[in-house]
>>> print(open('structure.txt').read())   # compact mmCIF, C-alpha atoms and all ligand atoms
# COMPACT_ATOMS: atom_id res chain seq x y z
CA MET A 192 21.41 174.88 117.70
CA THR A 193 24.04 172.54 119.10
CA THR A 194 23.11 169.96 121.67
CA GLN A 195 25.01 170.08 124.91
CA PRO A 196 26.97 166.95 125.77
CA THR A 197 25.15 164.93 128.44
CA GLU A 198 26.67 165.37 131.88
CA PRO A 199 27.60 162.06 133.45
CA ALA A 200 25.55 161.26 136.55
CA ARG A 201 27.60 162.26 139.59
CA PHE A 202 25.14 161.57 142.34
CA ARG A 203 22.85 158.58 142.37
CA VAL A 204 20.25 157.24 144.75
CA GLU A 205 19.81 153.55 144.04
CA GLU A 206 16.35 152.17 143.40
CA ALA A 207 15.55 150.48 146.72
CA VAL A 208 16.39 153.67 148.61
CA ALA A 209 14.60 155.91 146.10
CA MET A 210 11.46 153.79 146.51
CA ALA A 211 11.68 153.86 150.31
CA LEU A 212 12.08 157.65 150.16
CA SER A 213 9.09 158.18 147.91
CA SER A 214 6.85 155.88 149.95
CA LYS A 215 8.13 157.44 153.22
CA ARG A 216 9.50 154.21 154.66
CA PRO A 217 12.36 154.18 157.22
CA ILE A 218 15.93 154.32 155.88
CA VAL A 219 19.29 154.06 157.65
CA GLY A 220 22.42 155.48 156.03
CA LEU A 221 25.71 153.57 156.45
CA GLU A 222 29.29 154.70 155.80
CA SER A 223 31.74 152.61 153.77
CA THR A 224 35.11 153.47 155.40
CA ILE A 225 34.41 151.14 158.34
CA PHE A 226 33.99 148.24 155.85
CA SER A 227 36.99 149.17 153.71
CA GLU A 228 40.67 148.50 154.33
CA PHE A 229 40.73 151.64 156.52
CA GLY A 230 38.22 150.31 159.02
CA LEU A 231 38.24 146.68 160.07
CA PRO A 232 40.76 144.04 158.92
CA ALA A 233 39.47 141.28 156.59
CA PRO A 234 37.44 139.14 157.06
CA ALA A 235 35.85 141.11 159.94
CA ASN A 236 34.98 143.98 157.59
CA ARG A 237 32.78 141.70 155.48
CA GLU A 238 31.12 140.31 158.59
CA ALA A 239 30.45 143.85 159.79
CA LEU A 240 28.85 144.76 156.48
CA ASP A 241 26.60 141.68 156.53
CA ARG A 242 25.57 142.18 160.14
CA CYS A 243 24.82 145.89 159.72
CA PHE A 244 22.70 145.30 156.62
CA ARG A 245 20.81 142.52 158.40
CA ALA A 246 20.26 144.62 161.54
CA VAL A 247 18.80 147.50 159.51
CA ILE A 248 16.52 145.20 157.52
CA GLU A 249 15.36 143.25 160.60
CA GLY A 250 14.70 146.62 162.24
CA GLY A 251 12.22 147.36 159.44
CA ALA A 252 14.34 149.87 157.51
CA THR A 253 16.16 150.04 154.18
CA PRO A 254 19.98 150.22 154.33
CA ALA A 255 21.53 153.10 152.38
CA LEU A 256 25.23 152.40 152.08
CA THR A 257 27.14 155.43 150.78
CA GLY A 258 30.37 155.81 148.82
CA VAL A 259 31.84 156.94 145.51
CA LEU A 260 31.91 154.24 142.84
CA ASP A 261 33.48 155.01 139.45
CA GLY A 262 33.14 158.71 140.12
CA VAL A 263 29.47 158.53 141.13
CA ALA A 264 28.56 159.54 144.67
CA THR A 265 26.12 156.76 145.46
CA VAL A 266 23.50 156.38 148.16
CA GLY A 267 22.13 152.87 148.51
CA ILE A 268 25.05 150.76 147.25
CA ARG A 269 23.63 147.27 146.95
CA HIS A 270 24.73 144.38 149.13
CA ASP A 271 25.92 142.50 146.06
CA ALA A 272 28.74 145.06 145.73
CA ALA A 273 30.06 143.89 149.13
CA GLU A 274 33.29 142.48 147.76
CA ARG A 275 34.21 145.79 146.22
CA ILE A 276 33.18 147.75 149.31
CA CYS A 277 35.44 145.58 151.47
CA GLY A 278 38.38 145.97 149.09
CA PRO A 279 41.01 148.64 148.42
CA ALA A 280 39.74 152.20 148.61
CA ARG A 281 40.62 155.84 148.96
CA LYS A 282 39.44 157.44 152.16
CA THR A 283 36.84 160.06 151.25
CA ALA A 284 35.77 162.83 153.64
CA VAL A 285 33.60 165.81 152.64
CA ARG A 286 36.63 167.72 151.31
CA ASP A 287 37.50 164.77 149.06
CA LEU A 288 34.02 164.19 147.59
CA PRO A 289 34.25 166.73 144.74
CA VAL A 290 37.67 165.39 143.78
CA ALA A 291 36.55 161.75 143.93
CA ILE A 292 33.69 162.64 141.58
CA SER A 293 35.69 164.81 139.19
CA GLN A 294 38.64 162.45 138.98
CA SER A 295 36.34 159.45 138.74
CA TRP A 296 37.83 157.48 141.60
CA ALA A 297 37.07 153.76 141.29
CA TYR A 298 36.14 153.51 144.96
CA GLY A 299 36.05 156.35 147.44
CA ALA A 300 35.11 154.95 150.85
CA SER A 301 32.98 157.57 152.60
CA THR A 302 33.84 158.57 156.15
CA VAL A 303 31.16 159.74 158.56
CA SER A 304 31.47 163.31 157.27
CA ALA A 305 31.01 162.38 153.60
CA SER A 306 28.24 159.90 154.41
CA VAL A 307 26.25 162.39 156.45
CA ALA A 308 26.60 164.94 153.62
CA LEU A 309 25.34 162.40 151.07
CA CYS A 310 22.48 161.28 153.33
CA ALA A 311 21.36 164.90 153.75
CA LYS A 312 21.46 165.44 149.99
CA ALA A 313 19.31 162.36 149.45
CA GLY A 314 16.84 163.32 152.21
CA ILE A 315 17.83 160.51 154.59
CA GLU A 316 17.39 161.48 158.24
CA VAL A 317 19.22 158.73 160.14
CA PHE A 318 22.73 157.39 159.79
CA ALA A 319 24.57 154.65 161.73
CA THR A 320 28.28 154.18 162.21
CA GLY A 321 30.65 152.47 164.66
CA GLY A 322 32.32 155.51 166.15
CA ILE A 323 32.66 159.08 164.95
CA GLY A 324 35.97 160.83 164.48
CA GLY A 325 36.67 163.64 166.95
CA VAL A 326 39.28 165.95 168.42
CA HIS A 327 42.64 164.21 168.49
CA ARG A 328 44.94 164.30 171.51
CA GLY A 329 47.58 166.96 170.94
CA TRP A 330 45.12 169.08 168.90
CA GLN A 331 46.75 172.16 170.44
CA SER A 332 49.74 171.68 168.15
CA THR A 333 48.38 169.58 165.25
CA PHE A 334 44.93 171.19 164.82
CA ASP A 335 43.68 167.66 164.08
CA VAL A 336 39.91 167.76 164.49
CA SER A 337 37.91 165.30 162.42
CA ALA A 338 35.70 166.77 159.71
CA ASP A 339 33.02 164.44 161.14
CA LEU A 340 32.31 167.07 163.81
CA ASP A 341 31.80 169.86 161.28
CA ALA A 342 29.51 167.62 159.21
CA LEU A 343 27.50 166.70 162.31
CA SER A 344 26.87 170.36 162.99
CA ARG A 345 25.97 171.28 159.41
CA PHE A 346 23.75 168.51 158.05
CA PRO A 347 20.29 167.73 159.48
CA VAL A 348 20.87 164.03 160.12
CA VAL A 349 20.65 161.92 163.30
CA THR A 350 23.96 160.03 163.65
CA VAL A 351 23.99 156.91 165.84
CA SER A 352 27.41 155.94 167.20
CA ALA A 353 29.03 154.16 170.15
CA GLY A 354 30.64 157.45 171.15
CA ALA A 355 34.22 157.89 170.01
CA LYS A 356 37.47 156.04 170.53
CA VAL A 357 39.58 156.54 173.65
CA PHE A 358 42.57 157.47 171.51
CA LEU A 359 40.83 160.80 170.93
CA ASP A 360 40.54 163.67 173.38
CA LEU A 361 36.97 162.83 174.40
CA GLU A 362 36.55 165.82 176.68
CA ALA A 363 37.59 168.21 173.90
CA THR A 364 35.35 166.31 171.47
CA LEU A 365 32.32 166.93 173.70
CA GLU A 366 33.30 170.59 174.09
CA LYS A 367 33.50 170.99 170.31
CA LEU A 368 30.09 169.37 169.87
CA GLU A 369 28.66 171.85 172.38
CA THR A 370 30.29 174.79 170.59
CA ASP A 371 28.82 173.56 167.32
CA SER A 372 25.33 173.22 168.87
CA VAL A 373 25.03 169.48 168.24
CA PRO A 374 22.61 167.88 170.73
CA VAL A 375 24.33 164.78 172.18
CA LEU A 376 21.80 162.24 173.45
CA GLY A 377 22.82 159.29 175.62
CA TRP A 378 20.80 156.24 174.57
CA ARG A 379 19.73 154.86 177.98
CA CYS A 380 23.07 156.00 179.42
CA ASP A 381 24.45 158.89 181.45
CA GLU A 382 28.07 158.78 180.30
CA PHE A 383 29.62 159.32 176.90
CA PRO A 384 30.56 155.82 175.67
CA ALA A 385 34.19 155.19 174.73
CA PHE A 386 33.48 152.92 171.76
CA HIS A 387 35.01 149.60 173.00
CA ALA A 388 34.14 150.53 176.59
CA ARG A 389 30.66 151.43 177.83
CA SER A 390 31.69 154.61 179.56
CA SER A 391 34.39 157.26 179.61
CA GLY A 392 33.64 158.98 182.92
CA LEU A 393 32.35 162.01 181.00
CA PRO A 394 28.64 162.87 181.41
CA VAL A 395 26.40 163.17 178.37
CA PRO A 396 24.36 166.38 178.39
CA HIS A 397 21.02 164.58 177.88
CA ARG A 398 19.67 161.07 178.33
CA VAL A 399 16.90 159.47 176.23
CA GLU A 400 15.05 156.20 176.64
CA THR A 401 13.10 155.76 173.41
CA ALA A 402 13.25 156.25 169.66
CA GLU A 403 10.14 158.45 169.89
CA GLU A 404 11.99 160.85 172.20
CA VAL A 405 14.87 161.08 169.74
CA ALA A 406 12.44 161.71 166.87
CA HIS A 407 10.70 164.54 168.74
CA ILE A 408 14.00 166.15 169.69
CA ALA A 409 15.18 165.91 166.07
CA ARG A 410 11.99 167.48 164.71
CA ALA A 411 12.23 170.32 167.25
CA HIS A 412 15.91 170.86 166.39
CA TRP A 413 15.17 170.98 162.67
CA ASP A 414 12.16 173.28 163.15
CA LEU A 415 14.59 175.68 164.80
CA GLY A 416 17.02 175.46 161.88
CA GLY A 417 19.43 173.08 163.63
CA GLY A 418 21.82 170.65 161.94
CA GLY A 419 22.81 167.20 163.14
CA ILE A 420 22.10 165.25 166.31
CA LEU A 421 24.40 162.68 167.85
CA VAL A 422 22.88 159.67 169.61
CA VAL A 423 25.48 157.72 171.57
CA VAL A 424 24.84 154.05 172.33
CA PRO A 425 27.07 152.02 174.67
CA VAL A 426 28.37 148.72 173.26
CA PRO A 427 26.28 145.79 174.61
CA LYS A 428 27.60 144.64 178.03
CA ALA A 429 28.55 141.14 176.90
CA ASP A 430 30.86 142.53 174.20
CA ALA A 431 32.41 145.49 176.03
CA LEU A 432 36.10 145.83 176.89
CA GLU A 433 37.24 147.20 180.25
CA PHE A 434 38.34 150.84 180.25
CA GLU A 435 41.66 150.31 182.06
CA PRO A 436 43.33 147.65 179.84
CA LEU A 437 41.90 149.49 176.86
CA SER A 438 43.61 152.74 177.90
CA LYS A 439 46.92 150.87 178.12
CA ALA A 440 46.40 149.41 174.63
CA VAL A 441 45.61 152.90 173.38
CA GLU A 442 48.86 154.28 174.77
CA ALA A 443 50.70 151.49 172.94
CA ALA A 444 48.75 152.13 169.73
CA LEU A 445 49.40 155.88 169.82
CA GLY A 446 53.09 155.20 170.47
CA ALA A 447 53.26 152.83 167.50
CA ALA A 448 51.52 155.33 165.20
CA ALA A 449 53.82 158.15 166.32
CA THR A 450 56.89 156.00 165.63
CA GLN A 451 55.61 155.48 162.07
CA GLY A 452 55.36 159.26 161.74
CA VAL A 453 51.81 159.26 160.36
CA SER A 454 49.78 162.46 160.18
CA GLY A 455 46.56 163.86 158.69
CA SER A 456 43.92 161.46 157.42
CA ALA A 457 46.28 158.49 157.89
CA VAL A 458 46.21 158.88 161.70
CA THR A 459 42.84 157.25 162.40
CA PRO A 460 43.39 154.12 160.22
CA ALA A 461 46.93 153.69 161.65
CA VAL A 462 45.78 153.94 165.28
CA LEU A 463 42.81 151.64 164.61
CA ALA A 464 45.15 148.97 163.19
CA ALA A 465 47.63 149.39 166.05
CA LEU A 466 44.78 149.11 168.55
CA VAL A 467 43.65 145.78 167.10
CA GLU A 468 47.23 144.57 167.51
CA ALA A 469 47.62 145.96 171.04
CA THR A 470 44.44 144.20 172.22
CA GLY A 471 45.53 140.92 170.64
CA GLY A 472 42.49 141.07 168.34
CA ASP A 473 40.02 141.53 171.23
CA ALA A 474 38.93 144.84 169.73
CA ILE A 475 37.40 143.16 166.66
CA PRO A 476 34.37 141.28 168.08
CA THR A 477 33.61 144.36 170.17
CA ASN A 478 33.72 146.55 167.07
CA LEU A 479 31.42 144.17 165.18
CA ALA A 480 28.91 144.00 168.02
CA LEU A 481 28.68 147.75 168.48
CA ALA A 482 28.35 148.49 164.77
CA GLU A 483 25.49 145.99 164.50
CA ASN A 484 23.85 147.32 167.65
CA ASN A 485 24.03 150.91 166.38
CA ALA A 486 22.43 149.86 163.09
CA ARG A 487 19.61 148.24 165.04
CA VAL A 488 19.00 151.31 167.22
CA ALA A 489 19.18 153.55 164.12
CA ALA A 490 16.45 151.49 162.44
CA THR A 491 14.08 152.06 165.37
CA ILE A 492 14.83 155.79 165.31
CA ALA A 493 14.23 155.86 161.53
CA GLY A 494 10.82 154.24 162.16
CA ALA A 495 9.93 156.81 164.82
CA LEU A 496 11.02 159.68 162.55
CA VAL A 497 8.79 158.42 159.76
CA ARG A 498 5.85 158.31 162.17
CA THR A 499 6.44 161.86 163.44
CA LYS A 500 6.61 163.11 159.87
CA GLN A 501 3.18 161.69 159.14
CA ILE A 502 1.54 163.44 162.12
N1 LIG B 1 36.24 155.49 164.11
C1 LIG B 1 36.17 154.15 164.16
N2 LIG B 1 36.28 153.41 163.03
C2 LIG B 1 36.44 154.01 161.82
C3 LIG B 1 36.47 155.43 161.77
C4 LIG B 1 36.37 156.13 162.93
O1 LIG B 1 36.01 153.61 165.24
O2 LIG B 1 36.54 153.30 160.80
C5 LIG B 1 36.54 156.11 160.44
C6 LIG B 1 35.17 156.73 160.14
O3 LIG B 1 34.90 156.57 158.77
C7 LIG B 1 35.36 158.17 160.51
C8 LIG B 1 36.79 158.39 160.09
O4 LIG B 1 34.46 159.04 159.85
O5 LIG B 1 37.46 157.20 160.49
C9 LIG B 1 37.39 159.60 160.76
O6 LIG B 1 38.65 159.85 160.23
P1 LIG B 1 39.43 161.19 160.64
O7 LIG B 1 39.79 161.02 162.07
O8 LIG B 1 40.62 161.23 159.72
O9 LIG B 1 38.49 162.34 160.40
MN MN B 2 42.27 164.29 161.00
>>> encode(input="structure.txt", output="structure tokens")
Amino acid sequence: MTTQPTEPARFRVEEAVAMALSSKRPIVGLESTIFSEFGLPAPANREALDRCFRAVIEGGATPALTGVLDGVATVGIRHDAAERICGPARKTAVRDLPVAISQSWAYGASTVSASVALCAKAGIEVFATGGIGGVHRGWQSTFDVSADLDALSRFPVVTVSAGAKVFLDLEATLEKLETDSVPVLGWRCDEFPAFHARSSGLPVPHRVETAEEVAHIARAHWDLGGGGILVVVPVPKADALEFEPLSKAVEAALGAAATQGVSGSAVTPAVLAALVEATGGDAIPTNLALAENNARVAATIAGALVRTKQI
């Protein structure tokens, strides 16, 4: 009898996260794209990583950073790999995951969609990001709808985000979430937050006040066979940008991206970079503050979910 060659490990849950899972302690998933060259410019990306890790830990949970490293889809990338995480990457959504694994990409930075998929596979119930991708303006002709929305509807994970960026079509994004049966919960707010700004003028379908409420809604959703839940948290007041000047900056950013002729997965990183420029860098501290705040809220929700599981 011949022995089969050993398959290389393609999916790994690192030890700290594996231990937290087996002892039923709270865990918060984190994406890597926001920390890579596609998210925030250096050195803000490194600061974001440090602050998010700290917020999760101080909130009593274990951080589970996701990404593909040397062809291994990894959940729980350690903080000591921070330099690599903040370095050059290939943007990796769900559709790219099998390729990143098979072609052994050195570093595939996971977007929200890939991170939520990996969290679900590992059994992690809560995930924090800055802002989700959504339906792009002009979707009628480009068909550009982020795979984040599809992942939110498919995988049973609570995603915590500061809403979505104003360069998207936020109204269409909310419509798509409704079509896909994703409960959207406003964290102590009545309006869908516009990432840098606390509100967009669009109402959220439901408002919640506590992590326990979110946990009960999630359990009920999952009992009924539901997929993901989106919790939207407005950026803290002290760090928010005003909606009006922000909209102007967005127009400028979209114009700049269109002039460069970018399309597909390059659109979001290009507009993000142009937006930082158009706000004279004002967008960066706001982005850092909201990412940290989301990680903190996610940790409290992870704690509440663990408690409801034990009932
Ligand atoms: N929104 C942000 N910052 C980001 C992203 C979105 O405010 O860094 C990243 C996330 O990783 C998100 C991805 O999942 O962009 C969405 O890309 P696309 O629009 O190509 O689906
Ligand atoms: Mn797209």
>>> residues_around(input="structure.txt", residues="Gly354 in chain A", least_positions_apart="4", cutoff="8 Å", atoms="all atoms listed in the file", output="list in words")
Gly322, Ile323, Phe383, Pro384, Ala385, Phe386, Val423, Val424 and Pro425 of chain A
>>> write_last_selection(input="structure.txt", atoms="C-alpha atoms", output="short mmCIF file (atom, residue, chain, number, x, y, z; two decimals), in the coordinates of the input")
data_model
loop_
_atom_site.label_atom_id
_atom_site.label_comp_id
_atom_site.auth_asym_id
_atom_site.auth_seq_id
_atom_site.Cartn_x
_atom_site.Cartn_y
_atom_site.Cartn_z
CA GLY A 322 32.32 155.51 166.15
CA ILE A 323 32.66 159.08 164.95
CA PHE A 383 29.62 159.32 176.90
CA PRO A 384 30.56 155.82 175.67
CA ALA A 385 34.19 155.19 174.73
CA PHE A 386 33.48 152.92 171.76
CA VAL A 423 25.48 157.72 171.57
CA VAL A 424 24.84 154.05 172.33
CA PRO A 425 27.07 152.02 174.67
#
>>> residues_around(input="structure.txt", residues="Gly446 in chain A", least_positions_apart="4", cutoff="12 Å", atoms="only C-alpha atoms", output="number ranges by chain")
A: 358, 439-442, 450-453, 458, 461-462, 465-466, 469
>>> residues_near_point(input="structure.txt", point="(24.7, 151.4, 173.5)", cutoff="8 Å", atoms="only C-alpha atoms", output="number ranges by chain")
A: 353, 378-380, 384, 389, 423-427, 481, 484-485
>>> residues_near_point(input="structure.txt", point="(21.3, 158.9, 176.0)", cutoff="12 Å", atoms="all atoms listed in the file", output="ChimeraX atom specification")
/A:351-354,374-384,390,394-402,404-405,420-425,488
>>> closest_atom_pairs(input="structure.txt", of="range 425-468 of chain A", to="range 280-299 of chain A", cutoff="12 Å", atoms="only C-alpha atoms", output="Markdown table")
| residue | atom | partner | partner_atom | distance |
| --- | --- | --- | --- | --- |
| A:Gly455 | CA | A:Lys282 | CA | 11.6 |
| A:Ser456 | CA | A:Lys282 | CA | 8.0 |
| A:Ala457 | CA | A:Lys282 | CA | 9.0 |
| A:Val458 | CA | A:Lys282 | CA | 11.8 |
| A:Thr459 | CA | A:Lys282 | CA | 10.8 |
| A:Pro460 | CA | A:Lys282 | CA | 9.6 |
>>> build_atoms(input="structure.txt", residues="range 234-251 of chain A", atoms="N, CA and C atoms", output="PDB file, in the coordinates of the input")
ATOM      1  N   PRO A 234      38.769 139.132 157.638  1.00  0.00           N
ATOM      2  CA  PRO A 234      37.440 139.140 157.060  1.00  0.00           C
ATOM      3  C   PRO A 234      36.384 139.810 157.942  1.00  0.00           C
ATOM      4  N   ALA A 235      36.827 140.494 159.030  1.00  0.00           N
ATOM      5  CA  ALA A 235      35.850 141.110 159.940  1.00  0.00           C
ATOM      6  C   ALA A 235      35.053 142.216 159.241  1.00  0.00           C
ATOM      7  N   ASN A 236      35.696 142.890 158.271  1.00  0.00           N
ATOM      8  CA  ASN A 236      34.980 143.980 157.590  1.00  0.00           C
ATOM      9  C   ASN A 236      33.753 143.459 156.851  1.00  0.00           C
ATOM     10  N   ARG A 237      33.906 142.281 156.215  1.00  0.00           N
ATOM     11  CA  ARG A 237      32.780 141.700 155.480  1.00  0.00           C
ATOM     12  C   ARG A 237      31.672 141.260 156.451  1.00  0.00           C
ATOM     13  N   GLU A 238      32.110 140.717 157.589  1.00  0.00           N
ATOM     14  CA  GLU A 238      31.120 140.310 158.590  1.00  0.00           C
ATOM     15  C   GLU A 238      30.365 141.532 159.120  1.00  0.00           C
ATOM     16  N   ALA A 239      31.093 142.616 159.315  1.00  0.00           N
ATOM     17  CA  ALA A 239      30.450 143.850 159.790  1.00  0.00           C
ATOM     18  C   ALA A 239      29.413 144.337 158.803  1.00  0.00           C
ATOM     19  N   LEU A 240      29.776 144.312 157.532  1.00  0.00           N
ATOM     20  CA  LEU A 240      28.850 144.760 156.480  1.00  0.00           C
ATOM     21  C   LEU A 240      27.568 143.909 156.499  1.00  0.00           C
ATOM     22  N   ASP A 241      27.756 142.592 156.541  1.00  0.00           N
ATOM     23  CA  ASP A 241      26.600 141.680 156.530  1.00  0.00           C
ATOM     24  C   ASP A 241      25.711 141.913 157.755  1.00  0.00           C
ATOM     25  N   ARG A 242      26.353 142.038 158.913  1.00  0.00           N
ATOM     26  CA  ARG A 242      25.570 142.180 160.140  1.00  0.00           C
ATOM     27  C   ARG A 242      24.855 143.529 160.202  1.00  0.00           C
ATOM     28  N   CYS A 243      25.486 144.573 159.706  1.00  0.00           N
ATOM     29  CA  CYS A 243      24.820 145.890 159.720  1.00  0.00           C
ATOM     30  C   CYS A 243      23.632 145.908 158.763  1.00  0.00           C
ATOM     31  N   PHE A 244      23.810 145.362 157.565  1.00  0.00           N
ATOM     32  CA  PHE A 244      22.700 145.300 156.620  1.00  0.00           C
ATOM     33  C   PHE A 244      21.529 144.532 157.247  1.00  0.00           C
ATOM     34  N   ARG A 245      21.870 143.368 157.818  1.00  0.00           N
ATOM     35  CA  ARG A 245      20.810 142.520 158.400  1.00  0.00           C
ATOM     36  C   ARG A 245      20.097 143.248 159.543  1.00  0.00           C
ATOM     37  N   ALA A 246      20.858 143.920 160.396  1.00  0.00           N
ATOM     38  CA  ALA A 246      20.260 144.620 161.540  1.00  0.00           C
ATOM     39  C   ALA A 246      19.291 145.711 161.073  1.00  0.00           C
ATOM     40  N   VAL A 247      19.676 146.431 160.021  1.00  0.00           N
ATOM     41  CA  VAL A 247      18.800 147.500 159.510  1.00  0.00           C
ATOM     42  C   VAL A 247      17.522 146.880 158.937  1.00  0.00           C
ATOM     43  N   ILE A 248      17.682 145.823 158.162  1.00  0.00           N
ATOM     44  CA  ILE A 248      16.520 145.200 157.520  1.00  0.00           C
ATOM     45  C   ILE A 248      15.592 144.580 158.577  1.00  0.00           C
ATOM     46  N   GLU A 249      16.190 143.859 159.536  1.00  0.00           N
ATOM     47  CA  GLU A 249      15.360 143.250 160.600  1.00  0.00           C
ATOM     48  C   GLU A 249      14.685 144.321 161.454  1.00  0.00           C
ATOM     49  N   GLY A 250      15.296 145.504 161.504  1.00  0.00           N
ATOM     50  CA  GLY A 250      14.700 146.620 162.240  1.00  0.00           C
ATOM     51  C   GLY A 250      13.630 147.336 161.430  1.00  0.00           C
ATOM     52  N   GLY A 251      13.319 146.821 160.248  1.00  0.00           N
ATOM     53  CA  GLY A 251      12.220 147.360 159.440  1.00  0.00           C
ATOM     54  C   GLY A 251      12.605 148.541 158.575  1.00  0.00           C
TER      55      GLY A 251
END
